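With compact mmCIF, C-alpha atoms and all ligand atoms inside, this is model-v8.txt:
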```txt
# COMPACT_ATOMS: atom_id res chain seq x y z
CA MET A 3 -13.04 16.68 -31.14
CA SER A 4 -14.05 19.39 -33.62
CA GLY A 5 -16.54 22.12 -32.77
CA HIS A 6 -18.88 20.82 -35.51
CA ALA A 7 -21.67 18.41 -34.67
CA LEU A 8 -20.50 14.90 -35.46
CA ALA A 9 -22.54 12.78 -37.85
CA PRO A 10 -24.21 10.01 -35.81
CA LEU A 11 -23.13 6.44 -36.44
CA ASP A 12 -25.25 4.22 -38.67
CA VAL A 13 -25.27 1.43 -36.11
CA ALA A 14 -27.63 -0.80 -38.12
CA LEU A 15 -25.14 -0.72 -40.99
CA ILE A 16 -22.15 -1.28 -38.72
CA ARG A 17 -23.82 -4.27 -37.06
CA ARG A 18 -23.96 -6.04 -40.43
CA ASP A 19 -20.17 -6.37 -40.15
CA PHE A 20 -20.58 -8.55 -37.03
CA PRO A 21 -22.51 -11.78 -37.73
CA LEU A 22 -22.40 -12.71 -34.02
CA LEU A 23 -24.61 -9.73 -33.24
CA TYR A 24 -27.47 -11.01 -35.37
CA THR A 25 -27.12 -14.67 -34.43
CA PRO A 26 -29.65 -15.74 -31.76
CA PHE A 27 -28.11 -16.55 -28.41
CA HIS A 28 -30.02 -18.87 -26.03
CA GLY A 29 -32.81 -18.37 -28.56
CA LYS A 30 -32.86 -14.62 -27.94
CA PRO A 31 -31.34 -11.61 -29.69
CA MET A 32 -27.69 -11.16 -28.78
CA HIS A 33 -26.73 -8.05 -26.81
CA TYR A 34 -22.93 -8.01 -26.63
CA LEU A 35 -22.05 -5.63 -23.80
CA ASP A 36 -18.62 -7.03 -23.05
CA SER A 37 -16.23 -5.15 -25.33
CA ALA A 38 -14.02 -4.23 -22.38
CA VAL A 39 -13.19 -7.91 -22.00
CA SER A 40 -12.61 -8.30 -25.72
CA GLY A 41 -13.92 -6.42 -28.72
CA GLN A 42 -15.59 -8.23 -31.60
CA MET A 43 -13.77 -8.31 -34.93
CA PRO A 44 -15.60 -6.94 -37.98
CA ASN A 45 -15.70 -9.07 -41.14
CA ALA A 46 -13.09 -6.81 -42.74
CA VAL A 47 -10.50 -7.83 -40.13
CA ILE A 48 -11.35 -11.53 -40.28
CA GLU A 49 -11.25 -11.48 -44.08
CA ARG A 50 -7.96 -9.60 -44.19
CA MET A 51 -6.37 -12.20 -41.93
CA ALA A 52 -7.87 -15.08 -43.90
CA HIS A 53 -6.60 -13.56 -47.16
CA TYR A 54 -3.12 -13.33 -45.70
CA GLN A 55 -3.25 -16.94 -44.49
CA ARG A 56 -4.55 -18.22 -47.84
CA PHE A 57 -2.44 -16.25 -50.29
CA GLU A 58 0.38 -14.33 -48.62
CA HIS A 59 1.75 -16.35 -45.76
CA THR A 60 5.33 -17.24 -45.07
CA ASN A 61 7.77 -16.08 -42.42
CA VAL A 62 8.85 -12.43 -42.28
CA HIS A 63 12.30 -10.82 -42.25
CA ARG A 64 13.74 -14.02 -43.69
CA GLY A 65 15.02 -14.86 -47.12
CA VAL A 66 14.81 -13.22 -50.50
CA SER A 67 11.71 -14.95 -51.81
CA THR A 68 9.11 -12.58 -53.22
CA LEU A 69 6.58 -14.19 -50.89
CA SER A 70 8.72 -13.43 -47.85
CA GLN A 71 9.40 -9.89 -48.96
CA GLU A 72 5.71 -9.25 -49.52
CA ALA A 73 4.70 -10.77 -46.18
CA THR A 74 7.35 -8.58 -44.55
CA ASP A 75 5.95 -5.51 -46.33
CA ARG A 76 2.40 -6.24 -45.14
CA PHE A 77 3.67 -6.87 -41.59
CA GLU A 78 5.68 -3.64 -41.53
CA GLU A 79 2.79 -1.67 -43.08
CA ALA A 80 0.73 -2.75 -40.07
CA ARG A 81 3.44 -1.38 -37.78
CA GLU A 82 3.22 1.92 -39.62
CA LYS A 83 -0.57 1.95 -39.09
CA VAL A 84 -0.01 1.56 -35.35
CA ARG A 85 2.61 4.31 -35.41
CA ALA A 86 0.19 6.71 -37.07
CA PHE A 87 -2.64 5.59 -34.74
CA LEU A 88 -0.57 6.53 -31.67
CA ASN A 89 1.12 9.47 -33.38
CA ALA A 90 4.51 7.99 -32.47
CA PRO A 91 7.55 9.63 -34.07
CA SER A 92 8.94 6.44 -35.63
CA VAL A 93 8.05 2.82 -36.43
CA LYS A 94 11.24 1.90 -34.57
CA GLN A 95 9.35 2.79 -31.40
CA ILE A 96 6.52 0.33 -32.05
CA ILE A 97 7.24 -3.13 -30.65
CA TRP A 98 4.94 -6.08 -31.34
CA THR A 99 4.04 -8.13 -28.29
CA ARG A 100 1.31 -10.64 -27.44
CA GLY A 101 -0.75 -7.99 -25.67
CA THR A 102 -0.80 -5.38 -22.93
CA THR A 103 0.32 -7.92 -20.33
CA GLU A 104 3.39 -8.88 -22.29
CA SER A 105 4.17 -5.23 -23.08
CA LEU A 106 4.12 -4.32 -19.39
CA ASN A 107 6.21 -7.36 -18.48
CA LEU A 108 8.70 -6.35 -21.15
CA VAL A 109 9.12 -2.92 -19.53
CA ALA A 110 9.41 -4.36 -16.02
CA GLN A 111 11.86 -7.08 -17.07
CA SER A 112 14.02 -5.06 -19.43
CA TRP A 113 13.89 -1.40 -18.34
CA GLY A 114 13.01 -2.30 -14.74
CA ARG A 115 15.77 -4.81 -14.14
CA ALA A 116 18.32 -2.40 -15.56
CA ASN A 117 17.11 0.65 -13.64
CA ILE A 118 15.46 -0.38 -10.36
CA THR A 119 17.75 -1.01 -7.42
CA LYS A 120 17.45 -1.75 -3.70
CA GLY A 121 15.37 0.81 -1.83
CA ASP A 122 13.74 2.28 -4.95
CA GLU A 123 10.02 2.90 -5.07
CA ILE A 124 7.58 1.93 -7.80
CA LEU A 125 4.45 4.09 -7.81
CA LEU A 126 1.17 2.64 -9.10
CA SER A 127 -2.39 3.94 -9.12
CA ALA A 128 -5.10 2.38 -6.96
CA MET A 129 -7.07 1.36 -10.05
CA GLU A 130 -4.49 -0.76 -11.89
CA HIS A 131 -5.32 -4.03 -13.61
CA HIS A 132 -3.28 -6.96 -12.26
CA SER A 133 -1.12 -6.77 -15.38
CA ASN A 134 0.25 -3.41 -14.23
CA ILE A 135 0.71 -4.61 -10.64
CA VAL A 136 2.11 -8.12 -10.66
CA PRO A 137 5.10 -7.55 -13.00
CA TRP A 138 6.15 -4.67 -10.74
CA GLN A 139 5.70 -6.74 -7.59
CA MET A 140 7.89 -9.45 -9.10
CA LEU A 141 10.53 -6.86 -9.93
CA ALA A 142 10.26 -5.26 -6.48
CA ALA A 143 10.77 -8.64 -4.81
CA GLU A 144 13.82 -9.34 -6.97
CA LYS A 145 15.39 -5.91 -6.40
CA ASP A 146 14.28 -5.26 -2.83
CA ALA A 147 12.30 -2.24 -3.97
CA SER A 148 8.84 -1.25 -2.71
CA ILE A 149 5.44 -0.43 -4.22
CA LYS A 150 3.50 2.75 -3.34
CA VAL A 151 -0.06 3.50 -4.38
CA ILE A 152 -1.84 6.71 -5.45
CA PRO A 153 -5.22 6.54 -3.65
CA MET A 154 -8.61 7.24 -5.20
CA ASP A 155 -11.85 8.62 -3.82
CA ASP A 156 -15.29 7.01 -3.65
CA ARG A 157 -16.11 8.06 -7.21
CA GLY A 158 -13.02 6.33 -8.55
CA VAL A 159 -11.07 9.55 -9.12
CA LEU A 160 -7.36 9.56 -8.31
CA GLU A 161 -6.46 11.83 -5.41
CA MET A 162 -4.18 14.19 -7.30
CA ASP A 163 -3.33 16.12 -4.11
CA ALA A 164 -1.51 13.03 -2.87
CA LEU A 165 0.59 12.69 -6.02
CA ASP A 166 3.25 15.27 -5.30
CA ALA A 167 4.10 13.87 -1.87
CA LEU A 168 4.16 10.33 -3.25
CA LEU A 169 6.68 11.31 -5.94
CA THR A 170 9.63 11.04 -3.57
CA PRO A 171 13.24 11.02 -4.82
CA ARG A 172 13.13 7.22 -4.41
CA VAL A 173 10.41 6.77 -7.02
CA LYS A 174 11.89 5.65 -10.33
CA VAL A 175 8.79 4.63 -12.23
CA LEU A 176 5.05 5.31 -12.25
CA GLY A 177 2.66 2.72 -13.68
CA ILE A 178 -0.74 4.17 -14.54
CA THR A 179 -3.78 3.07 -16.47
CA HIS A 180 -5.19 5.55 -18.97
CA VAL A 181 -8.75 4.25 -18.46
CA SER A 182 -9.90 2.00 -15.61
CA ASN A 183 -11.39 -1.29 -16.81
CA VAL A 184 -13.67 -1.45 -13.76
CA LEU A 185 -14.62 2.16 -13.07
CA GLY A 186 -14.38 3.71 -16.51
CA THR A 187 -12.36 6.59 -15.05
CA VAL A 188 -10.27 8.44 -17.62
CA ASN A 189 -7.17 9.56 -15.75
CA PRO A 190 -5.73 13.06 -16.34
CA LEU A 191 -2.69 11.50 -17.93
CA LYS A 192 -1.02 14.60 -19.29
CA GLU A 193 -1.04 16.25 -15.88
CA ILE A 194 0.17 13.08 -14.14
CA ILE A 195 2.97 12.52 -16.64
CA ALA A 196 4.12 16.15 -16.35
CA ALA A 197 4.18 15.87 -12.53
CA ALA A 198 6.18 12.63 -12.73
CA HIS A 199 8.63 14.03 -15.27
CA ALA A 200 9.21 17.07 -13.09
CA LYS A 201 10.67 14.58 -10.59
CA GLY A 202 12.57 12.56 -13.20
CA VAL A 203 10.16 9.60 -12.97
CA VAL A 204 9.54 7.35 -15.99
CA VAL A 205 5.84 6.77 -16.78
CA VAL A 206 4.46 3.47 -18.08
CA VAL A 207 0.89 3.74 -19.34
CA ASP A 208 -1.55 0.85 -19.61
CA GLY A 209 -3.67 1.90 -22.57
CA ALA A 210 -5.68 -1.33 -22.93
CA GLN A 211 -9.05 0.30 -22.22
CA ALA A 212 -8.22 3.70 -23.70
CA VAL A 213 -7.35 2.98 -27.32
CA PRO A 214 -10.83 1.77 -28.32
CA HIS A 215 -12.41 5.03 -27.10
CA ILE A 216 -9.90 7.87 -27.11
CA ALA A 217 -7.62 9.19 -29.84
CA VAL A 218 -4.23 8.65 -28.21
CA ASP A 219 -1.28 10.89 -29.03
CA VAL A 220 1.82 9.58 -27.27
CA MET A 221 3.85 12.66 -28.20
CA ASP A 222 1.27 15.06 -26.81
CA LEU A 223 0.95 12.94 -23.64
CA ASP A 224 4.74 12.69 -23.44
CA ALA A 225 4.33 9.05 -22.28
CA ASP A 226 7.57 7.11 -21.85
CA PHE A 227 5.89 3.77 -22.53
CA TYR A 228 2.36 3.05 -23.77
CA ALA A 229 0.92 -0.48 -23.97
CA PHE A 230 -2.24 -1.91 -25.54
CA SER A 231 -3.80 -5.13 -26.86
CA GLY A 232 -5.16 -5.79 -30.35
CA HIS A 233 -8.22 -7.70 -29.17
CA LYS A 234 -9.68 -4.72 -27.30
CA LEU A 235 -9.39 -2.66 -30.48
CA SER A 236 -11.56 -4.81 -32.77
CA GLY A 237 -8.44 -6.78 -33.72
CA PRO A 238 -7.38 -10.35 -32.96
CA THR A 239 -5.95 -11.89 -29.80
CA GLY A 240 -2.25 -12.73 -29.67
CA ILE A 241 -1.04 -9.31 -30.77
CA GLY A 242 -0.27 -6.20 -28.77
CA VAL A 243 1.91 -3.15 -28.85
CA LEU A 244 4.48 -1.44 -26.73
CA TYR A 245 5.41 2.11 -27.66
CA GLY A 246 8.55 3.48 -26.02
CA LYS A 247 10.63 6.62 -26.20
CA LYS A 248 13.65 6.23 -28.45
CA GLY A 249 16.28 7.04 -25.83
CA LEU A 250 14.82 4.54 -23.38
CA LEU A 251 14.37 1.72 -25.91
CA GLU A 252 17.89 2.12 -27.24
CA LYS A 253 19.42 1.70 -23.79
CA MET A 254 17.21 -1.22 -22.72
CA PRO A 255 18.64 -4.74 -22.90
CA PRO A 256 16.72 -7.42 -24.84
CA TRP A 257 14.46 -9.52 -22.64
CA GLN A 258 14.17 -12.64 -24.79
CA GLY A 259 16.88 -14.05 -27.02
CA GLY A 260 16.66 -15.96 -30.27
CA GLY A 261 16.40 -15.50 -34.02
CA SER A 262 15.41 -12.21 -35.69
CA MET A 263 16.78 -9.98 -32.95
CA ILE A 264 20.52 -10.29 -33.55
CA LEU A 265 23.12 -8.67 -35.77
CA SER A 266 25.67 -11.44 -35.32
CA VAL A 267 26.11 -14.56 -33.22
CA SER A 268 29.31 -16.42 -32.46
CA TRP A 269 30.22 -18.73 -29.59
CA GLU A 270 32.07 -15.84 -28.03
CA LYS A 271 29.66 -12.95 -28.48
CA THR A 272 26.26 -11.94 -29.78
CA THR A 273 25.34 -8.45 -30.92
CA PHE A 274 21.76 -7.23 -31.05
CA MET A 275 19.65 -5.22 -33.46
CA GLY A 276 18.34 -1.83 -32.43
CA PRO A 277 14.68 -1.37 -31.47
CA PRO A 278 12.17 -2.72 -32.29
CA GLY A 279 14.02 -5.84 -33.57
CA LYS A 280 15.94 -6.52 -30.37
CA PHE A 281 12.65 -6.98 -28.51
CA GLU A 282 11.07 -9.27 -31.09
CA ALA A 283 12.85 -12.62 -30.82
CA GLY A 284 11.45 -15.47 -32.90
CA THR A 285 8.64 -15.66 -35.44
CA PRO A 286 6.06 -12.97 -34.68
CA PRO A 287 2.25 -13.25 -34.94
CA ILE A 288 2.13 -12.09 -38.57
CA ALA A 289 -1.53 -12.51 -39.52
CA GLU A 290 -2.48 -10.97 -36.18
CA ALA A 291 -0.34 -7.89 -36.78
CA ILE A 292 -1.89 -7.47 -40.23
CA GLY A 293 -5.32 -8.00 -38.69
CA LEU A 294 -4.65 -5.27 -36.12
CA GLY A 295 -3.65 -2.96 -38.96
CA ALA A 296 -7.00 -3.75 -40.66
CA ALA A 297 -8.85 -3.05 -37.39
CA ILE A 298 -7.19 0.37 -37.19
CA ASP A 299 -8.26 1.08 -40.79
CA TYR A 300 -11.82 0.05 -39.92
CA LEU A 301 -12.01 2.26 -36.82
CA ASN A 302 -10.39 5.19 -38.62
CA ALA A 303 -12.99 4.90 -41.37
CA ILE A 304 -15.77 5.26 -38.79
CA GLY A 305 -13.84 7.93 -36.87
CA LEU A 306 -12.74 7.68 -33.24
CA ASP A 307 -14.40 10.99 -32.38
CA ARG A 308 -17.76 9.74 -33.69
CA ILE A 309 -17.25 6.47 -31.82
CA ALA A 310 -16.52 8.37 -28.59
CA ALA A 311 -19.63 10.55 -29.02
CA HIS A 312 -21.83 7.52 -29.69
CA GLU A 313 -20.49 5.60 -26.69
CA HIS A 314 -20.96 8.65 -24.51
CA THR A 315 -24.65 8.74 -25.46
CA LEU A 316 -25.01 5.05 -24.62
CA LEU A 317 -23.22 5.46 -21.29
CA GLU A 318 -25.39 8.43 -20.28
CA TYR A 319 -28.59 6.62 -21.20
CA ALA A 320 -27.48 3.42 -19.44
CA THR A 321 -26.47 5.34 -16.31
CA LYS A 322 -29.88 7.03 -16.23
CA GLU A 323 -31.79 3.75 -16.78
CA LEU A 324 -29.78 1.71 -14.28
CA ASN A 325 -30.04 4.40 -11.63
CA LYS A 326 -33.85 3.91 -11.77
CA ILE A 327 -33.46 0.34 -10.48
CA ASP A 328 -33.89 0.02 -6.70
CA GLY A 329 -30.97 -1.59 -4.91
CA LEU A 330 -28.57 -1.06 -7.82
CA ARG A 331 -25.38 0.84 -7.11
CA ILE A 332 -23.02 1.98 -9.84
CA ILE A 333 -19.35 1.52 -8.95
CA GLY A 334 -17.31 4.25 -10.59
CA THR A 335 -18.94 7.64 -10.94
CA ALA A 336 -16.05 9.82 -12.11
CA PRO A 337 -16.97 12.68 -14.43
CA GLY A 338 -16.13 12.12 -18.10
CA LYS A 339 -16.03 8.32 -17.84
CA ALA A 340 -15.35 5.96 -20.74
CA SER A 341 -18.11 3.54 -21.67
CA VAL A 342 -17.73 1.05 -18.83
CA LEU A 343 -20.55 0.59 -16.34
CA SER A 344 -19.92 -1.55 -13.25
CA PHE A 345 -22.66 -2.14 -10.72
CA VAL A 346 -23.72 -4.23 -7.76
CA LEU A 347 -27.23 -5.30 -6.78
CA ASP A 348 -28.17 -5.47 -3.10
CA GLY A 349 -28.01 -9.03 -1.80
CA ILE A 350 -27.33 -10.68 -5.17
CA HIS A 351 -23.89 -11.92 -6.14
CA PRO A 352 -22.59 -10.49 -9.44
CA HIS A 353 -21.97 -14.02 -10.74
CA ASP A 354 -25.68 -14.77 -10.38
CA VAL A 355 -26.51 -11.48 -12.09
CA GLY A 356 -24.12 -12.30 -14.95
CA SER A 357 -25.55 -15.83 -15.41
CA ILE A 358 -29.16 -14.67 -15.58
CA LEU A 359 -28.27 -11.83 -17.93
CA ASP A 360 -26.49 -14.37 -20.12
CA HIS A 361 -29.67 -16.45 -20.44
CA GLU A 362 -31.47 -13.31 -21.51
CA GLY A 363 -28.93 -12.85 -24.32
CA VAL A 364 -27.15 -10.01 -22.51
CA VAL A 365 -23.41 -10.74 -22.44
CA VAL A 366 -21.57 -8.90 -19.65
CA ARG A 367 -18.67 -9.69 -17.38
CA ALA A 368 -19.03 -10.51 -13.70
CA GLY A 369 -16.11 -10.87 -11.33
CA HIS A 370 -13.18 -8.91 -9.99
CA HIS A 371 -12.05 -7.90 -13.49
CA CYS A 372 -8.40 -8.68 -12.69
CA ALA A 373 -8.46 -5.72 -10.32
CA GLN A 374 -8.80 -7.19 -6.84
CA PRO A 375 -7.35 -4.08 -5.13
CA VAL A 376 -10.19 -2.05 -6.70
CA MET A 377 -12.74 -4.50 -5.26
CA LYS A 378 -11.09 -4.20 -1.86
CA ARG A 379 -11.14 -0.39 -2.08
CA PHE A 380 -14.91 -0.43 -2.65
CA ARG A 381 -15.42 -3.28 -0.12
CA ILE A 382 -17.17 -5.54 -2.62
CA PRO A 383 -16.26 -9.04 -3.83
CA ALA A 384 -17.03 -8.37 -7.47
CA THR A 385 -19.15 -6.31 -9.85
CA THR A 386 -21.22 -6.93 -12.93
CA ARG A 387 -19.85 -4.83 -15.77
CA ALA A 388 -21.48 -3.75 -18.99
CA SER A 389 -19.25 -2.11 -21.57
CA PHE A 390 -20.39 -0.36 -24.71
CA ALA A 391 -18.91 -0.20 -28.19
CA TYR A 392 -19.70 1.51 -31.47
CA PHE A 393 -21.92 -1.39 -32.58
CA ASN A 394 -24.20 -1.15 -29.53
CA ASP A 395 -27.44 0.80 -29.53
CA LEU A 396 -30.13 1.95 -27.11
CA GLU A 397 -31.95 -1.38 -27.52
CA ASP A 398 -28.93 -3.13 -26.02
CA VAL A 399 -29.19 -0.82 -23.01
CA ASP A 400 -32.96 -1.46 -22.69
CA ALA A 401 -32.30 -5.22 -22.84
CA LEU A 402 -29.71 -4.83 -20.08
CA ALA A 403 -32.08 -2.86 -17.83
CA ALA A 404 -34.95 -5.34 -18.46
CA ALA A 405 -32.71 -8.32 -17.70
CA ILE A 406 -31.51 -6.73 -14.45
CA ARG A 407 -35.16 -6.23 -13.40
CA GLN A 408 -35.72 -9.91 -14.15
CA VAL A 409 -32.76 -10.85 -11.91
CA LYS A 410 -34.38 -8.86 -9.14
CA GLU A 411 -37.71 -10.61 -9.61
CA ILE A 412 -36.11 -14.06 -9.55
CA PHE A 413 -34.06 -13.25 -6.50
CA GLY A 414 -36.87 -11.47 -4.75
CA SER A 415 -38.73 -14.78 -4.41
CA ASP A 416 -35.59 -16.95 -4.16
CA SER A 417 -33.98 -15.04 -1.35
CA ALA A 418 -37.27 -15.04 0.61
CA HIS A 419 -37.43 -18.79 0.03
CA SER A 420 -33.87 -19.48 1.18
CA ALA A 421 -34.37 -17.20 4.18
CA GLU A 422 -37.42 -19.31 5.10
CA GLU A 423 -35.42 -22.51 4.72
CA GLN A 424 -32.71 -21.24 7.01
CA ALA A 425 -35.16 -20.07 9.65
C1 LIG B 1 -6.84 -1.97 -18.11
C2 LIG B 1 -6.33 -3.30 -18.61
N1 LIG B 1 -5.01 -3.52 -18.60
C3 LIG B 1 -4.50 -4.68 -19.05
C4 LIG B 1 -5.29 -5.68 -19.53
C5 LIG B 1 -4.65 -6.94 -19.99
O1 LIG B 1 -4.80 -7.11 -21.36
P1 LIG B 1 -4.35 -8.45 -22.06
O2 LIG B 1 -4.99 -9.58 -21.29
O3 LIG B 1 -4.86 -8.34 -23.45
O4 LIG B 1 -2.86 -8.54 -21.99
C6 LIG B 1 -6.67 -5.50 -19.55
C7 LIG B 1 -7.56 -6.57 -20.00
O5 LIG B 1 -8.64 -6.76 -19.49
C8 LIG B 1 -7.20 -4.27 -19.08
O6 LIG B 1 -8.52 -4.04 -19.08
```
Would you kindly transcribe this structure into structure tokens?
Ligand SMILES: Cc1ncc(COP(=O)(O)O)c(C=O)c1O
Amino acid sequence: MSGHALAPLDVALIRRDFPLLYTPFHGKPMHYLDSAVSGQMPNAVIERMAHYQRFEHTNVHRGVSTLSQEATDRFEEAREKVRAFLNAPSVKQIIWTRGTTESLNLVAQSWGRANITKGDEILLSAMEHHSNIVPWQMLAAEKDASIKVIPMDDRGVLEMDALDALLTPRVKVLGITHVSNVLGTVNPLKEIIAAAHAKGVVVVVDGAQAVPHIAVDVMDLDADFYAFSGHKLSGPTGIGVLYGKKGLLEKMPPWQGGGSMILSVSWEKTTFMGPPGKFEAGTPPIAEAIGLGAAIDYLNAIGLDRIAAHEHTLLEYATKELNKIDGLRIIGTAPGKASVLSFVLDGIHPHDVGSILDHEGVVVRAGHHCAQPVMKRFRIPATTRASFAYFNDLEDVDALAAAIRQVKEIFGSDSAHSAEEQA
């Protein structure tokens, strides 16, 4: 971020790009506070994809038709936009996938199967999403390897003192989320990656919740792999990205076979393309890749640093307002959080909170957020989570706080009633 004051966002203008936000919901104004589950796409992204589908579509990397060559150009231009967005050295290091989950499975199945052997250790952080746990557990079971976990404290901050001892000579890979989807913690990635590299450990970063809020520079971070999903970045579902270091990608075997990823096929032998082609078997999600490119253009035009400053203001205000509510406890209080606010209300299940908020037009997520080990760590079954984006404003936060107070009123009388019934 520059030392100059950043121009504030014109949220009213931005909101005009999102018809959903000004469409009544249960007869009330819509307050979309669920961007961590999936961002909304601005008109520019939807229109870019529709234009492609109407006027430009055919398959890519096939044939000499002008239409195919132009579709291929648009598709590869989108890859270049992702490369620039992550500051990756080359487009050859940008692999299209279906999303973060598929990107992480690709690393576990391709790099992992080739490099993890019996007795090896896979180190994960205590705040991983299931998508950066389960693929590693599957690999560990197959290879007779084991999983170790970096603990976190009651604020949701990783215990960095434990890291060095956990990085034993048996550890081959560290899987770490850049930003926690439950706690909002922004992990000190550069420091963690440097510590892992000092022990020769490969680092796989789950960037799903980071890319919408933080300008990511994979070269500066020195990440070995970095994964994210289009739909959390104001782009469509069905498209994601895996960035990998050149030397690693070149040595990795393909993980799916088929068309588009080969140099030659005979009954005796098949030879494969280099990266990224060898990891992209079959027809890719073309409109979705182009849509993700348009989403990056849209966010760049607003400016990620301005977005981060705006979301920080919303998070601070929301934290202050929610802390005024009796019986509400915020889960995740790390300094410098990203704009995710999880909370529990005394005696009221988060699903009930989420349902009542929904009827008030306040869209949030309630549940375990695909992070059951995090729930276990905080000894709670679930949380209600509000997450803020560049199109949210202080009114959205006020609506959230008012709706939570309403939940408390409803449950105040209800719980007394059910207690009476049980007596
Ligand atoms: C931190 C984190 N990692 C991974 C994922 C999985 O993303 P996707 O379902 O798009 O593959 C999510 C989605 O909620 C997430 O928040």
Quick one: residues within 10 Å of ligand LIG 1 (chain B), with all atoms listed in the file, as a ChimeraX atom specification?
-> /A:37-40,99-107,129-135,178-184,186,207-212,229-234,239-243,371-373
Near-Gly369 (chain A) list (8 Å; all atoms listed in the file; drop same-chain fewer than 5 positions) as a list in words = Pro352, His353, Pro383, Ala384, Thr385 and Thr386 of chain A
In Å, with one decimal, what is the gap from CA of Val175 (chain A) to CA of Val93 (chain A)?
->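 So the two atoms, CA of Val175 (chain A) and CA of Val93 (chain A), lie 24.3 Å apart.
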Can you tell me, as a list in words, what residues are no more than 10 Å from Ala196 (chain A) when counting all atoms listed in the file, ignoring any on the same chain fewer than 6 positions away?
-> Gly202, Val203, Val205, Leu223, Asp224 and Ala225 of chain A
I want to know what sits within 9 Å of Ala388 (chain A), based on only C-alpha atoms, with residues of the same chain fewer than 2 positions away left out; could you give that as a compact mmCIF listing (two decimals) with C-alpha atoms, keeping the file's coordinate frame?
```txt
# COMPACT_ATOMS: atom_id res chain seq x y z
CA TYR A 34 -22.93 -8.01 -26.63
CA LEU A 35 -22.05 -5.63 -23.80
CA ASP A 36 -18.62 -7.03 -23.05
CA SER A 37 -16.23 -5.15 -25.33
CA ALA A 38 -14.02 -4.23 -22.38
CA SER A 341 -18.11 3.54 -21.67
CA VAL A 342 -17.73 1.05 -18.83
CA LEU A 343 -20.55 0.59 -16.34
CA SER A 344 -19.92 -1.55 -13.25
CA PHE A 345 -22.66 -2.14 -10.72
CA VAL A 365 -23.41 -10.74 -22.44
CA VAL A 366 -21.57 -8.90 -19.65
CA ARG A 367 -18.67 -9.69 -17.38
CA ALA A 368 -19.03 -10.51 -13.70
CA THR A 386 -21.22 -6.93 -12.93
CA PHE A 390 -20.39 -0.36 -24.71
CA LEU A 402 -29.71 -4.83 -20.08
```
Check the smallest atom-to-atom distance from each of A:Leu185, A:Leu294, A:Val66, A:Met162 to Ser236 (chain A) using all atoms listed in the file, then report the winner.
->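 Ranked by minimum distance to Ser236 (chain A), first place goes to A:Leu294.
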Find the distance between CA of Phe27 (chain A) and CA of Asp398 (chain A) and write it in Å to one decimal.
-> 13.7 Å
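Minimum atom-to-atom distances from A:Pro91, A:Lys378, A:Leu301, A:Ile333 to Val159 (chain A) were compared using all atoms listed in the file, and the lowest value belongs to A:Ile333.
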Mind listing whatever residues come within 10 Å of the point (-30.0, -0.9, -36.4)? Use all atoms listed in the file, file coordinates, and give them as number ranges by chain.
-> A: 12-18, 393-397
Calculate how many Å separate CA of Gly246 (chain A) from CA of Ala90 (chain A), rounding to one decimal.
-> 8.8 Å
Go ahead and find all residues with at least one atom no further than 8 Å from (9.2, -4.7, -30.4) in the file's coordinates, using all atoms listed in the file; report them as an MDAnalysis selection string.
-> chainID A and resid 95:99 243:244 277:282
Go through A:Ala217, A:Ile350, A:Leu69, A:Ala404 and flag the residue nearest Asn302 (chain A), using all atoms listed in the file for the distances.
->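 Of A:Ala217, A:Ile350, A:Leu69, A:Ala404, the one nearest Asn302 (chain A), counting all atoms listed in the file, is A:Ala217.
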With 3 Å on each side, where is the centre of the axis-aligned box around all listed atoms of region 274-280 of chain A, and how long are its edges in Å to one decimal, as lines of an AutoDock Vina configuration file?
```
center_x = 17.0
center_y = -4.3
center_z = -32.0
size_x = 15.6
size_y = 11.9
size_z = 9.2
```
Any idea what's packed within 9 Å of Gly121 (chain A), counting only C-alpha atoms, ignoring anything in its chain fewer than 3 positions away? Could you give it as a ChimeraX atom specification?
-> /A:118,145-148,172
Hey, which of A:Gln408, A:Ser112, A:Asn117, A:Thr68 ends up closest to Trp257 (chain A)? Count only C-alpha atoms.
->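 Answer, going by the shortest atom-to-atom distance: A:Ser112.
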Write out as an MDAnalysis selection string which residues come within 12 Å of Lys30 (chain A) when counting only C-alpha atoms, dropping same-chain ones fewer than 6 positions away.
-> chainID A and resid 23:24 359:365 401
Final N, CA and C atoms of region 180-185 of chain A as a PDB file, in the coordinates of the input:
```pdb
ATOM      1  N   HIS A 180      -4.572   4.385 -18.339  1.00  0.00           N
ATOM      2  CA  HIS A 180      -5.190   5.550 -18.970  1.00  0.00           C
ATOM      3  C   HIS A 180      -6.680   5.571 -18.640  1.00  0.00           C
ATOM      4  N   VAL A 181      -7.326   4.392 -18.787  1.00  0.00           N
ATOM      5  CA  VAL A 181      -8.750   4.250 -18.460  1.00  0.00           C
ATOM      6  C   VAL A 181      -8.917   3.014 -17.583  1.00  0.00           C
ATOM      7  N   SER A 182      -9.680   3.143 -16.502  1.00  0.00           N
ATOM      8  CA  SER A 182      -9.900   2.000 -15.610  1.00  0.00           C
ATOM      9  C   SER A 182     -10.879   1.013 -16.226  1.00  0.00           C
ATOM     10  N   ASN A 183     -10.511  -0.270 -16.219  1.00  0.00           N
ATOM     11  CA  ASN A 183     -11.390  -1.290 -16.810  1.00  0.00           C
ATOM     12  C   ASN A 183     -12.582  -1.605 -15.917  1.00  0.00           C
ATOM     13  N   VAL A 184     -12.542  -1.188 -14.656  1.00  0.00           N
ATOM     14  CA  VAL A 184     -13.670  -1.450 -13.760  1.00  0.00           C
ATOM     15  C   VAL A 184     -14.546  -0.215 -13.627  1.00  0.00           C
ATOM     16  N   LEU A 185     -13.909   0.941 -13.444  1.00  0.00           N
ATOM     17  CA  LEU A 185     -14.620   2.160 -13.070  1.00  0.00           C
ATOM     18  C   LEU A 185     -14.934   3.056 -14.260  1.00  0.00           C
TER      19      LEU A 185
END
```
